[in-house]
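This report refers to the structure that appears directly beneath it.
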Amino acid sequence: MKILVTGTAGFIGSSLAHVLLARGDEVIGVDNVNDYYDVNLKEARLARLTNQPGFTDLRIALEDREALLAAFDRHQPQRVVNLAAQAGVRYSLTHPHAYIDANLVGFCNILEACRHHAVEHLVYASSSSVYGANTRMPFSVHHNVDHPVSLYAATKKANELMAHTYSHLFNLPTTGLRFFTVYGPWGRPDMALFMFTRNILAGKPIDVFNHGRHKRDFTYIDDIVEGVVRTLDRVATPNPEWSGDHPDPGTSKAPYRLYNIGNNEPVELMRFIEVIEDCLGKKAEMNFLPMQDGDVPATFADVEDLRRDVGYAPKTSIETGVARFVEWYKGYYGHA
């Protein structure tokens with residue numbers, strides 16, 4: 001197929017593009033390569049893609065409506081995966097407008113482009129952060145999520161609402177994926193695994209928030225990408241049993257679906273740090289701090305719907321996943 005993927009300079013987007021190209025799809029990659037984190041890392045991810053046949057590299061911001069529509073006009077993608085967004089909970093506390101521009105205006109432009117170009121299926125990134133103040137575990141797409149605790153989370157919830165509107169009004173099949181703490185080789189420098197590894201190797205202390213009492217449903221990149229591909233291949237359909245009397249948040253009478261995509265196995269942060277230490281052969285000096293604004297104490301994904309509908313079965317343990325990340329990190333940054 002011809003698939004337009006936004007965020008191809010990013011962690012998940014670049015990994016997804018490799019898998020789609022390997023199976024014979026044509027990938028139109030869209031990214032503005034912003035400086036939210038190390039641009040050199042983003043360019044290195046893209047460099048691994050641009051030498052492959054079937055990949056087109058477009059440097060476009062989602063907020064640039066004319067450029068985005070021109071890309072759709074020229075390439076006529078059959079399906080779209082929208083992974084581009086302004087990421088990060090903590091950054092949203094100090095740079096709110098970046099989230100409005102990329103995550104709301106940009107996503108509206110994606111929806112409009114899909115609508116006017118007869119796209120067969122739009123798959124888009126949501127986030128486990130939409131669960132916000134919820135404490136009922138595991139988190140289910142059938143739970144209400146009306147209490148976000150960061151602007152980032154609010155924009156992701158808004159994306160789900162916007163997508164539903166387009167599914168309802170224009171019969172555009174849309175599937176939202178709530179990602180749970182993705183990690184692995186070529187990961188993001190603003191994520192815990194990257195920062196912990198860097199500081200431990202440099203002999204610097206690591207900041208451990210919530211005094212290490214966090215739990216996260218850490219999910220390895222290969223498991224994430226497999227779930228995205230399986231979902232992309234299964235076009236969203238209406239739920240014939242959906243009722244407005246008892247509305248199910250995860251489905252609709254429109255061609256609209258939401259799924260959690262996680263490892264279905266929360267890990268305590270202190271255990272995660274132990275695994276990193278084991279892989280590095282070096283102990284961490286820890287700076288224990290209270291929980292940050294906008295953060296949540298625990299995440300735990302109920303992935304039963306994704307397992308039932310597309311056969312999703314995450315299989316990478318944190319021991320294996322962290323070891324693979326550390327091997328990549330040492331090679332990429334030249335650590336012996």
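Ligands are numbered from 1 in the order shown, residues from 1 within each chain, and chains are lettered A, B, ... in the order they appear in the structure tokens.
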
May I have the residues within 12 Å of region 317-319 of chain A as number ranges by chain, using only C-alpha atoms and disregarding those fewer than 3 positions away in the same chain? A: 181-184, 193, 216-223, 263-269, 271-280, 314, 322-326

For the contact check between region 187-297 of chain A and region 160-180 of chain A, emit one row per residue of region 187-297 of chain A within 6 Å, containing the shortest atom pair and the distance in Å rounded to one decimal, counting only C-alpha atoms, chain then rising number order, as JSON lines.
{"residue": "A:Asp217", "atom": "CA", "partner": "A:Phe180", "partner_atom": "CA", "distance": 5.9}
{"residue": "A:Ala236", "atom": "CA", "partner": "A:Pro173", "partner_atom": "CA", "distance": 5.2}
{"residue": "A:Ala254", "atom": "CA", "partner": "A:His168", "partner_atom": "CA", "distance": 5.0}
{"residue": "A:Pro255", "atom": "CA", "partner": "A:Pro173", "partner_atom": "CA", "distance": 4.8}
{"residue": "A:Tyr256", "atom": "CA", "partner": "A:Thr174", "partner_atom": "CA", "distance": 5.1}
{"residue": "A:Arg257", "atom": "CA", "partner": "A:Thr175", "partner_atom": "CA", "distance": 4.7}
{"residue": "A:Leu258", "atom": "CA", "partner": "A:Gly176", "partner_atom": "CA", "distance": 4.7}
{"residue": "A:Tyr259", "atom": "CA", "partner": "A:Leu177", "partner_atom": "CA", "distance": 5.1}
{"residue": "A:Asn260", "atom": "CA", "partner": "A:Arg178", "partner_atom": "CA", "distance": 4.7}
{"residue": "A:Ile261", "atom": "CA", "partner": "A:Phe179", "partner_atom": "CA", "distance": 5.2}
{"residue": "A:Gly262", "atom": "CA", "partner": "A:Phe180", "partner_atom": "CA", "distance": 4.9}

Backbone-only DSSP, helix (DSSP H, G or I) members of region 154-281 of chain A, as JSON, numbers by chain: {"A": [154, 155, 156, 157, 158, 159, 160, 161, 162, 163, 164, 165, 166, 167, 168, 169, 170, 192, 193, 194, 195, 196, 197, 198, 199, 200, 201, 202, 209, 210, 211, 212, 221, 222, 223, 224, 225, 226, 227, 228, 229, 230, 231, 232, 233, 269, 270, 271, 272, 273, 274, 275, 276, 277, 278, 279, 280]}

Non-local contacts of Phe288 (chain A) (12 Å; only C-alpha atoms; under 2 positions in same chain excluded) as an MDAnalysis selection string: chainID A and resid 205:214 269:270 284:286 290:292

Tell me, which residues of region 56-255 of chain A carry DSSP strand (DSSP E), written as a VMD selection string? chain A and resid 56 to 59 79 to 82 121 to 127 174 to 179 182 to 183 206 to 208 215 to 216 219 to 220

Residue with smallest distance to Gly227 (chain A) - pool A:Asp305, A:Asp64, A:Glu112, A:Glu26, counting only C-alpha atoms: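 Checking each of A:Asp305, A:Asp64, A:Glu112, A:Glu26 against Gly227 (chain A), counting only C-alpha atoms, the winner is A:Asp305.
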
Pick out the closest residue to Ala102 (chain A) from this set: A:Ala118, A:Met1, A:Leu83, A:Ile200. Count only C-alpha atoms.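 Answer, going by the shortest atom-to-atom distance: A:Leu83.
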
Could you name the residues that touch Ala61 (chain A) at 12 Å or less, counting only C-alpha atoms, but leaving out those on the same chain fewer than 2 positions away, as a PyMOL selection string? chain A and resi 6-8+29-34+58-59+63-69+71+84-86+98+101-103+105-107+109-110

Among the residues A:Ala70, A:Ile12, A:Val80, A:Val228, the one that comes closest to Arg188 (chain A) [using only C-alpha atoms]: A:Ile12

Looking at A:Val296, A:Ile3, A:Leu49, A:Leu306, which one is nearest to Ser129 (chain A), with distances taken over only C-alpha atoms?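 Distance minimum relative to Ser129 (chain A) lands on A:Val296.
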
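For Pro77 (chain A), the set of protein, DNA and RNA residues having any atom at most 7 Å away, when counting only C-alpha atoms and skipping those fewer than 5 positions along the same chain, is Lys2, Ile3, Leu4, Phe72 and Val119 of chain A.
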
Nearest residue to Val81 (chain A) out of A:Arg136, A:Val130, A:Tyr312, A:Ser14, using only C-alpha atoms?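 Of all the options, A:Ser14 lies closest to Val81 (chain A).
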
Polymer residues at most 10 Å from Ala22 (chain A), only C-alpha atoms, same-chain spacing of 6 or more positions, as a VMD selection string: chain A and resid 16 52 to 54

Compile the contact shell of Lys156 (chain A) as an NGL selection string: residues with an atom at most 7 Å away, counting only C-alpha atoms, same-chain residues fewer than 3 positions apart removed. :A and (126-127 or 130 or 152-153 or 159-160)
